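Colleague: Input: one structure, supplied below.
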Amino acid sequence: MAIEDKNNSYRIYLVAFIIFMMALAIAMKLTNIQWVKGDYYRKLAKDRTVKNFIIPANKGNIYSADGSLLATSIPNYEIRFDAVAPESEVFEKNIKPLADSLSLLLKKPSGFYLNELRKARANKNRYYLIARDLSYTEFIKLKGFPLFNLGAYKGGIIIEQETIREHPIGKIAERTVGYIGFDDKGNENPVGIEGAFEKYLEGKDGKILKQKIAKGQWKPIRDVNEIDPQDGYDIVSTIDVYIQDIAHHALLKQLELYEADHGCVVVMETKTGHVKAITNLGRNLKSGLYSERLNYAIGESHEPGSTFKLVDLMILLEDKKIDTSAVFNTYGGVIKYSGRSVRDSKDGGYGKISLARGFEVSSNTVLVQAVYNNYKNNPSQFVNHINAIGLNKKFGLEFKGEGVPIIPQPSDKNWSNISLPWMAFGYGVSLTPMQTLSFYNAVANDGKMVKPQLVSEIKQWDKTIKKYKTVVLNPKVCSRETISKLKAVLQNVVKKGTGKELYSKDFSMAGKTGTAQVNYAKNGGSEKYYASSFVGYFPAENPKYSCIVVVHKPNTSKNNYYGADVAGPVFKRIAQKIFTDSPSTNEINNINKKVLKQEKDYNSYYAKTQKEQKSIVPNVKGMAGMDAVTLFGNLGLKVKIIGIGKVKKQSIQAGEPLNKNAIITLELS
């Protein structure tokens, strides 16, 4: 018995010892958690239940030159309801008025919201969705509804805000206005003005503290932000919405007519280089519809074809190698260099014509002979002159993806015997439409080449942060004498050259047509297509705007792919509609000078009509009814009208004696 009691005592001591050791271990663990790793675990718990969320700052707006919104940040609100937060008495008092108010705003029956809100409270739902995608105006209304007007703690309203980017003018100039896209790997791909000036537009993000609730959802801890976001600066672009709209629809119409693959238009202010319109439209192969896919005007470098001939002519004249009156034989429209043919678009050529006429009709044989004959022994002189103009390097536009120009150099390993003659009619070289336009704009601007500019100012409200001045790329591409001759032949291209179908006596234009073969070297020429272009300026006498139109891959089954016919009408349509803002500056001298014979004839006629008017009834057939009533009223007759429109019959015939207060009936139709 004693032995058994002794064994029991050992067991009790052992159990007590084990319990003691366990208690000691727990105490040590608690001490370790509390004092050694306390900060770590407290931080971990807080991070898992309370966290700062970023509130994106509102991006600055992008404006057109005339103050229209091109891109803006719109607040977008999502409203949820913490059904547990309101006290029972408050909930019951406000639930019906809240349901009625939600019904009016969100267009669902009041009973629907009454049932849903009660169900949310019964299920202790702390994150019930009320509405998504609310505008600021709708949000303000909803925030003032019964119950919700008590705030987050007493009323249970949970407000979540995000900012979305809107383009008020829609898809027009979308690629130029820009956006922040993402590539396949999730990396940012900034596009257009939005991308180029992102650092100014972005602003500074704010912060808001949120607490984790059921099902991994988070709700704001308080109504105010920890750090308020700071809005970004506004960007004022050079785009004119009116001109942009004209350019967009003029290009779209022609692309659809010729079922072309893609095209672009740029309209530039001559003196400043301000781009007033830039549109880039590409065809969707599935739908056949056109949209802004790529910025072809800035990013697509290709062989310009005949529009490059103006560079030839400028250099020839400036180097005094030749004059525009020099005569060339077109040799039946075909000449050969190193076994390869250069052909004119007209079968049989043009016979013997001057250099100026060769430019006007865009003769390849004439321009190639002029360049080759004068520079074949020193091609570097010709190429160095192109480099001096500045066409061999990018302009350094703010936009991402500016195309790289290609001007072959005699020192290049691939320079050959045909490099120089091929350059003369726009092959072997490569320029973007914007680069070509800038050169033509320099001619219009009396030799001063300015950098294309798409942004004029950065502002914070009404305060200017940064102003962009016109940048001169080349103060003098050639002499005034050469400019004068170039302007004359460019105007003649439209009057009597390849662009003669575009000529209008009502307004003047100057420019050059271009038709280039593209991809002619790929896969044995199987991928060859045409690029039709027209580049120039208007009005011709005092240029205000320059413009380039390029249309790629017009459908050749339309039996026409030449620049004058495909791209030219777009240029004319744009010039014609803009022309009302920049009318001809021609003046009529001595307009107020009196001519004695005219004065005598007029006075005689006036006296006769005054006498006749007072004595006989005039003929008013074909006159608008209201005009006839006014006329007879002034003569003292009483008028009765039958019908509407113009006078068909009059009851008192023309030429009869006029009796005042007589009644005359007019039948209108």
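Within each chain, counting starts at residue 1; across the structure tokens, chains are named A, B, ... in the order shown, with ligands numbered 1 upward in that order.
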Excluding region 622-633 of chain A and residues on its chain fewer than 2 positions from it, collect all residues at most 7 Å away from it, counting only C-alpha atoms, and give them as a list in words.
Modeller: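 Contacts, with the query itself left out: Val620, Leu635, Gly636, Leu637, Lys638, Val639, Gly645, Lys646, Val647, Lys648 and Leu668 of chain A.
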Colleague: Those residues with N, CA and C atoms, as a PDB file, in the first residue's frame please?
Modeller:
ATOM      1  N   VAL A 620     -43.670  91.777-110.857  1.00  0.00           N
ATOM      2  CA  VAL A 620     -43.085  91.087-109.694  1.00  0.00           C
ATOM      3  C   VAL A 620     -43.128  89.572-109.856  1.00  0.00           C
ATOM      4  N   LEU A 635     -45.469 101.381-102.527  1.00  0.00           N
ATOM      5  CA  LEU A 635     -46.100 102.123-103.621  1.00  0.00           C
ATOM      6  C   LEU A 635     -47.517 102.570-103.274  1.00  0.00           C
ATOM      7  N   GLY A 636     -48.026 102.165-102.106  1.00  0.00           N
ATOM      8  CA  GLY A 636     -49.343 102.608-101.661  1.00  0.00           C
ATOM      9  C   GLY A 636     -50.472 101.671-102.029  1.00  0.00           C
ATOM     10  N   LEU A 637     -50.172 100.455-102.557  1.00  0.00           N
ATOM     11  CA  LEU A 637     -51.207  99.486-102.901  1.00  0.00           C
ATOM     12  C   LEU A 637     -51.513  98.578-101.720  1.00  0.00           C
ATOM     13  N   LYS A 638     -52.743  98.068-101.688  1.00  0.00           N
ATOM     14  CA  LYS A 638     -53.109  97.065-100.699  1.00  0.00           C
ATOM     15  C   LYS A 638     -52.950  95.691-101.333  1.00  0.00           C
ATOM     16  N   VAL A 639     -52.332  94.747-100.596  1.00  0.00           N
ATOM     17  CA  VAL A 639     -51.948  93.467-101.192  1.00  0.00           C
ATOM     18  C   VAL A 639     -52.735  92.319-100.559  1.00  0.00           C
ATOM     19  N   GLY A 645     -44.682  81.088-101.327  1.00  0.00           N
ATOM     20  CA  GLY A 645     -43.558  80.934-102.252  1.00  0.00           C
ATOM     21  C   GLY A 645     -43.320  82.188-103.068  1.00  0.00           C
ATOM     22  N   LYS A 646     -43.096  81.994-104.384  1.00  0.00           N
ATOM     23  CA  LYS A 646     -42.812  83.112-105.281  1.00  0.00           C
ATOM     24  C   LYS A 646     -44.062  83.495-106.081  1.00  0.00           C
ATOM     25  N   VAL A 647     -44.072  84.731-106.577  1.00  0.00           N
ATOM     26  CA  VAL A 647     -45.242  85.250-107.296  1.00  0.00           C
ATOM     27  C   VAL A 647     -45.396  84.547-108.639  1.00  0.00           C
ATOM     28  N   LYS A 648     -46.581  83.965-108.840  1.00  0.00           N
ATOM     29  CA  LYS A 648     -46.893  83.289-110.104  1.00  0.00           C
ATOM     30  C   LYS A 648     -47.746  84.197-111.003  1.00  0.00           C
ATOM     31  N   LEU A 668     -49.210  82.954-105.286  1.00  0.00           N
ATOM     32  CA  LEU A 668     -47.865  82.430-105.044  1.00  0.00           C
ATOM     33  C   LEU A 668     -47.829  80.922-105.228  1.00  0.00           C
TER      34      LEU A 668
END
Colleague: Set out as CSV a contact list for region 384-482 of chain A and region 368-380 of chain A with a cut-off of 9 Å, giving each residue of region 384-482 of chain A that qualifies its closest atom pair and distance in Å to one decimal, counting only C-alpha atoms, ordered by chain and rising residue number.
Modeller:
residue,atom,partner,partner_atom,distance
A:Asn384,CA,A:Ser380,CA,5.6
A:His385,CA,A:Ser380,CA,8.3
A:Gln409,CA,A:Ser380,CA,7.4
A:Pro410,CA,A:Ser380,CA,6.2
A:Ser411,CA,A:Ser380,CA,8.6
A:Asn417,CA,A:Lys376,CA,9.0
A:Leu420,CA,A:Tyr372,CA,6.6
A:Pro421,CA,A:Val368,CA,5.3
A:Trp422,CA,A:Val368,CA,7.5
A:Met423,CA,A:Val368,CA,8.3
A:Ala424,CA,A:Val368,CA,5.2
A:Phe425,CA,A:Val368,CA,6.5
Colleague: Select from region 444-526 of chain A every residue with an atom at most 7 Å from any atom of region 353-361 of chain A, then for each give the shortest pair of atoms and their distance in Å to one decimal, using only C-alpha atoms, rows by chain and rising number, as a tab-separated table.
Modeller:
residue	atom	partner	partner_atom	distance
A:Val489	CA	A:Ala356	CA	6.3
A:Asn492	CA	A:Glu360	CA	6.4
A:Val493	CA	A:Glu360	CA	4.6
A:Gly497	CA	A:Glu360	CA	4.6
A:Thr498	CA	A:Val361	CA	5.1
Colleague: List every residue of region 31-258 of chain A that DSSP, applied to the backbone, labels as strand (DSSP E or B), and write the result as a PyMOL selection string.
Modeller: chain A and resi 50-55+62-63+69-81+128-134+157-166+179-182+188-191+204+206-212+218-220+227+230+234-237
Colleague: Print the selection's residues with C-alpha atoms to a file, as an mmCIF file, in the first residue's frame.
Modeller:
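What landed in out_16.cif:
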data_model
loop_
_atom_site.group_PDB
_atom_site.id
_atom_site.type_symbol
_atom_site.label_atom_id
_atom_site.label_comp_id
_atom_site.auth_asym_id
_atom_site.auth_seq_id
_atom_site.Cartn_x
_atom_site.Cartn_y
_atom_site.Cartn_z
ATOM 1 C CA VAL A 50 -4.906 48.269 -41.790
ATOM 2 C CA LYS A 51 -3.195 49.534 -44.923
ATOM 3 C CA ASN A 52 -2.586 52.754 -46.852
ATOM 4 C CA PHE A 53 -4.075 52.716 -50.323
ATOM 5 C CA ILE A 54 -2.906 55.034 -53.112
ATOM 6 C CA ILE A 55 -5.346 57.670 -54.376
ATOM 7 C CA ILE A 62 -4.983 68.498 -72.553
ATOM 8 C CA TYR A 63 -6.479 71.430 -74.436
ATOM 9 C CA LEU A 69 -10.855 69.792 -74.158
ATOM 10 C CA LEU A 70 -8.933 67.001 -75.882
ATOM 11 C CA ALA A 71 -8.321 64.831 -72.798
ATOM 12 C CA THR A 72 -9.462 65.166 -69.208
ATOM 13 C CA SER A 73 -9.630 63.171 -65.976
ATOM 14 C CA ILE A 74 -13.120 62.309 -64.765
ATOM 15 C CA PRO A 75 -13.741 61.088 -61.175
ATOM 16 C CA ASN A 76 -15.628 57.818 -61.094
ATOM 17 C CA TYR A 77 -17.322 56.614 -57.901
ATOM 18 C CA GLU A 78 -18.324 53.245 -56.469
ATOM 19 C CA ILE A 79 -20.650 53.301 -53.443
ATOM 20 C CA ARG A 80 -20.979 50.432 -50.959
ATOM 21 C CA PHE A 81 -22.888 50.017 -47.697
ATOM 22 C CA TYR A 128 -22.837 45.655 -50.011
ATOM 23 C CA LEU A 129 -22.592 47.200 -53.490
ATOM 24 C CA ILE A 130 -24.981 50.102 -54.065
ATOM 25 C CA ALA A 131 -23.756 51.497 -57.411
ATOM 26 C CA ARG A 132 -20.762 51.638 -59.753
ATOM 27 C CA ASP A 133 -19.529 54.189 -62.295
ATOM 28 C CA LEU A 134 -21.248 57.202 -60.766
ATOM 29 C CA ILE A 157 -21.718 54.695 -46.563
ATOM 30 C CA ILE A 158 -18.437 53.516 -48.127
ATOM 31 C CA ILE A 159 -17.052 55.702 -50.913
ATOM 32 C CA GLU A 160 -14.442 54.470 -53.370
ATOM 33 C CA GLN A 161 -13.110 56.782 -56.047
ATOM 34 C CA GLU A 162 -11.040 56.189 -59.151
ATOM 35 C CA THR A 163 -10.051 58.447 -62.008
ATOM 36 C CA ILE A 164 -10.690 57.620 -65.658
ATOM 37 C CA ARG A 165 -9.381 59.377 -68.786
ATOM 38 C CA GLU A 166 -11.873 60.716 -71.306
ATOM 39 C CA TYR A 179 -2.713 57.640 -73.851
ATOM 40 C CA ILE A 180 -0.647 55.383 -71.619
ATOM 41 C CA GLY A 181 -0.887 51.878 -73.071
ATOM 42 C CA PHE A 182 0.782 48.635 -72.056
ATOM 43 C CA GLU A 188 4.060 51.081 -70.016
ATOM 44 C CA ASN A 189 3.849 52.201 -73.630
ATOM 45 C CA PRO A 190 3.382 55.988 -73.666
ATOM 46 C CA VAL A 191 1.695 57.371 -76.797
ATOM 47 C CA LYS A 204 1.261 63.546 -57.083
ATOM 48 C CA GLY A 206 -2.495 60.825 -52.291
ATOM 49 C CA LYS A 207 -3.111 58.141 -49.620
ATOM 50 C CA ILE A 208 -6.101 56.844 -47.714
ATOM 51 C CA LEU A 209 -6.075 54.437 -44.750
ATOM 52 C CA LYS A 210 -8.352 51.394 -45.031
ATOM 53 C CA GLN A 211 -9.199 48.521 -42.688
ATOM 54 C CA LYS A 212 -9.639 44.933 -43.735
ATOM 55 C CA TRP A 218 -11.254 46.861 -47.339
ATOM 56 C CA LYS A 219 -13.138 49.941 -46.174
ATOM 57 C CA PRO A 220 -11.889 53.451 -45.392
ATOM 58 C CA ILE A 227 -2.574 62.708 -47.939
ATOM 59 C CA GLN A 230 -2.214 66.986 -56.135
ATOM 60 C CA ASP A 234 -2.542 71.149 -67.973
ATOM 61 C CA ILE A 235 -1.092 70.902 -71.483
ATOM 62 C CA VAL A 236 -2.129 73.364 -74.190
ATOM 63 C CA SER A 237 -1.602 71.788 -77.601
#
Colleague: Please indicate the distance in Å from CA of Ser533 (chain A) to CA of Gly514 (chain A), rounded to one decimal place.
Modeller: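 Separating CA of Ser533 (chain A) from CA of Gly514 (chain A) is a distance of 4.9 Å.
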Colleague: Can you check which residues of region 343-464 of chain A DSSP gives as helix (DSSP H, G or I) on the backbone and send them as a ChimeraX atom specification?
Modeller: /A:355-360,364-375,379-389,419-424,433-444
Colleague: Let's have the selection written as a compact mmCIF listing (two decimals), in the first residue's frame, with N, CA and C atoms.
Modeller:
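Here's the written file again16.txt:
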# COMPACT_ATOMS: atom_id res chain seq x y z
N LEU A 355 13.55 72.73 -117.61
CA LEU A 355 13.63 72.16 -116.27
C LEU A 355 12.39 72.52 -115.45
N ALA A 356 11.94 73.77 -115.57
CA ALA A 356 10.75 74.20 -114.83
C ALA A 356 9.53 73.39 -115.25
N ARG A 357 9.39 73.20 -116.60
CA ARG A 357 8.24 72.43 -117.08
C ARG A 357 8.37 70.97 -116.68
N GLY A 358 9.60 70.46 -116.67
CA GLY A 358 9.84 69.09 -116.24
C GLY A 358 9.41 68.89 -114.80
N PHE A 359 9.64 69.88 -113.95
CA PHE A 359 9.20 69.80 -112.56
C PHE A 359 7.68 69.86 -112.48
N GLU A 360 7.08 70.74 -113.26
CA GLU A 360 5.62 70.92 -113.22
C GLU A 360 4.88 69.65 -113.62
N ASN A 364 10.44 62.35 -114.49
CA ASN A 364 11.58 61.69 -113.85
C ASN A 364 12.85 61.86 -114.70
N THR A 365 12.69 61.74 -116.01
CA THR A 365 13.87 61.79 -116.89
C THR A 365 14.55 63.16 -116.84
N VAL A 366 13.76 64.22 -116.74
CA VAL A 366 14.34 65.57 -116.70
C VAL A 366 15.10 65.81 -115.41
N LEU A 367 14.47 65.51 -114.27
CA LEU A 367 15.11 65.78 -112.99
C LEU A 367 16.32 64.89 -112.76
N VAL A 368 16.24 63.65 -113.20
CA VAL A 368 17.39 62.75 -113.04
C VAL A 368 18.57 63.24 -113.87
N GLN A 369 18.30 63.63 -115.12
CA GLN A 369 19.39 64.16 -115.96
C GLN A 369 20.02 65.39 -115.33
N ALA A 370 19.16 66.29 -114.82
CA ALA A 370 19.66 67.54 -114.25
C ALA A 370 20.59 67.27 -113.07
N VAL A 371 20.20 66.35 -112.20
CA VAL A 371 21.02 66.03 -111.02
C VAL A 371 22.26 65.24 -111.43
N TYR A 372 22.07 64.21 -112.21
CA TYR A 372 23.19 63.31 -112.55
C TYR A 372 24.26 64.05 -113.37
N ASN A 373 23.83 64.82 -114.37
CA ASN A 373 24.80 65.51 -115.23
C ASN A 373 25.65 66.51 -114.46
N ASN A 374 25.08 67.09 -113.40
CA ASN A 374 25.78 68.15 -112.67
C ASN A 374 26.53 67.65 -111.43
N TYR A 375 26.22 66.43 -110.96
CA TYR A 375 26.86 65.98 -109.72
C TYR A 375 27.50 64.58 -109.84
N PRO A 379 29.30 63.54 -106.28
CA PRO A 379 28.00 63.32 -105.64
C PRO A 379 27.96 63.84 -104.20
N SER A 380 29.13 63.94 -103.55
CA SER A 380 29.17 64.43 -102.18
C SER A 380 28.65 65.86 -102.08
N GLN A 381 28.87 66.65 -103.13
CA GLN A 381 28.39 68.04 -103.11
C GLN A 381 26.86 68.07 -103.00
N PHE A 382 26.22 67.21 -103.77
CA PHE A 382 24.76 67.13 -103.74
C PHE A 382 24.27 66.62 -102.39
N VAL A 383 24.85 65.52 -101.91
CA VAL A 383 24.41 64.90 -100.65
C VAL A 383 24.71 65.80 -99.46
N ASN A 384 25.87 66.45 -99.47
CA ASN A 384 26.23 67.34 -98.37
C ASN A 384 25.26 68.52 -98.26
N HIS A 385 24.74 68.93 -99.41
CA HIS A 385 23.76 70.02 -99.40
C HIS A 385 22.46 69.57 -98.74
N ILE A 386 22.07 68.33 -99.00
CA ILE A 386 20.88 67.76 -98.34
C ILE A 386 21.11 67.73 -96.83
N ASN A 387 22.31 67.28 -96.44
CA ASN A 387 22.65 67.22 -95.01
C ASN A 387 22.61 68.62 -94.38
N ALA A 388 23.11 69.61 -95.13
CA ALA A 388 23.14 70.99 -94.61
C ALA A 388 21.73 71.54 -94.39
N ILE A 389 20.79 71.11 -95.22
CA ILE A 389 19.40 71.52 -95.03
C ILE A 389 18.88 70.97 -93.70
N SER A 419 22.81 55.12 -107.25
CA SER A 419 22.36 55.82 -106.03
C SER A 419 21.97 57.26 -106.32
N LEU A 420 22.84 57.99 -107.03
CA LEU A 420 22.57 59.41 -107.30
C LEU A 420 21.36 59.60 -108.20
N PRO A 421 21.27 58.93 -109.37
CA PRO A 421 20.08 59.14 -110.20
C PRO A 421 18.79 58.70 -109.52
N TRP A 422 18.87 57.66 -108.70
CA TRP A 422 17.65 57.18 -108.02
C TRP A 422 17.19 58.18 -106.96
N MET A 423 18.16 58.81 -106.28
CA MET A 423 17.81 59.84 -105.30
C MET A 423 17.06 60.99 -105.96
N ALA A 424 17.43 61.29 -107.21
CA ALA A 424 16.87 62.45 -107.90
C ALA A 424 15.36 62.37 -108.09
N PRO A 433 6.42 61.71 -93.40
CA PRO A 433 5.60 62.81 -93.92
C PRO A 433 5.87 64.13 -93.20
N MET A 434 6.09 64.07 -91.89
CA MET A 434 6.35 65.29 -91.13
C MET A 434 7.66 65.95 -91.57
N GLN A 435 8.67 65.14 -91.88
CA GLN A 435 9.95 65.68 -92.33
C GLN A 435 9.83 66.31 -93.71
N THR A 436 9.10 65.65 -94.60
CA THR A 436 8.87 66.21 -95.94
C THR A 436 8.11 67.53 -95.84
N LEU A 437 7.07 67.54 -95.02
CA LEU A 437 6.27 68.76 -94.85
C LEU A 437 7.11 69.91 -94.32
N SER A 438 8.00 69.63 -93.38
CA SER A 438 8.82 70.68 -92.78
C SER A 438 9.71 71.35 -93.82
N PHE A 439 10.19 70.56 -94.79
CA PHE A 439 11.01 71.13 -95.86
C PHE A 439 10.17 72.05 -96.74
N TYR A 440 8.99 71.59 -97.16
CA TYR A 440 8.11 72.42 -97.98
C TYR A 440 7.66 73.66 -97.21
N ASN A 441 7.44 73.49 -95.91
CA ASN A 441 7.06 74.63 -95.07
C ASN A 441 8.17 75.67 -95.04
N ALA A 442 9.43 75.21 -95.10
CA ALA A 442 10.57 76.15 -95.13
C ALA A 442 10.53 77.00 -96.39
N VAL A 443 10.14 76.41 -97.51
CA VAL A 443 10.01 77.17 -98.76
C VAL A 443 8.89 78.20 -98.62
N ALA A 444 7.77 77.77 -98.07
CA ALA A 444 6.64 78.68 -97.85
C ALA A 444 7.02 79.80 -96.89
Colleague: Quick one: residues within 9 Å of Gly499 (chain A), only C-alpha atoms, excluding same-chain residues fewer than 2 positions away - as a ChimeraX atom specification?
Modeller: /A:360-361,492-497,501-503,511-513,534,563-565,568
Colleague: Write the selection just made, keeping C-alpha atoms, as a PDB file, in the first residue's frame?
Modeller:
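again.pdb written:
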ATOM      1  CA  GLU A 360       5.624  70.920-113.220  1.00  0.00           C
ATOM      2  CA  VAL A 361       4.742  67.693-115.055  1.00  0.00           C
ATOM      3  CA  ASN A 492       2.469  76.304-111.692  1.00  0.00           C
ATOM      4  CA  VAL A 493       2.200  72.629-110.692  1.00  0.00           C
ATOM      5  CA  VAL A 494      -1.350  73.433-109.592  1.00  0.00           C
ATOM      6  CA  LYS A 495      -2.137  75.850-112.395  1.00  0.00           C
ATOM      7  CA  LYS A 496      -0.860  73.839-115.374  1.00  0.00           C
ATOM      8  CA  GLY A 497       1.093  70.819-114.153  1.00  0.00           C
ATOM      9  CA  GLU A 501      -7.292  69.379-111.843  1.00  0.00           C
ATOM     10  CA  LEU A 502      -7.042  70.885-108.350  1.00  0.00           C
ATOM     11  CA  TYR A 503      -6.793  74.477-109.580  1.00  0.00           C
ATOM     12  CA  GLY A 511       2.446  72.208-104.102  1.00  0.00           C
ATOM     13  CA  LYS A 512       3.803  69.018-105.587  1.00  0.00           C
ATOM     14  CA  THR A 513       2.288  65.647-106.397  1.00  0.00           C
ATOM     15  CA  PHE A 534       0.470  65.829-102.217  1.00  0.00           C
ATOM     16  CA  GLY A 563      -0.909  61.627-106.101  1.00  0.00           C
ATOM     17  CA  ALA A 564      -2.890  64.299-107.930  1.00  0.00           C
ATOM     18  CA  ASP A 565      -6.002  62.125-108.019  1.00  0.00           C
ATOM     19  CA  GLY A 568      -4.649  65.945-104.107  1.00  0.00           C
TER      20      GLY A 568
END
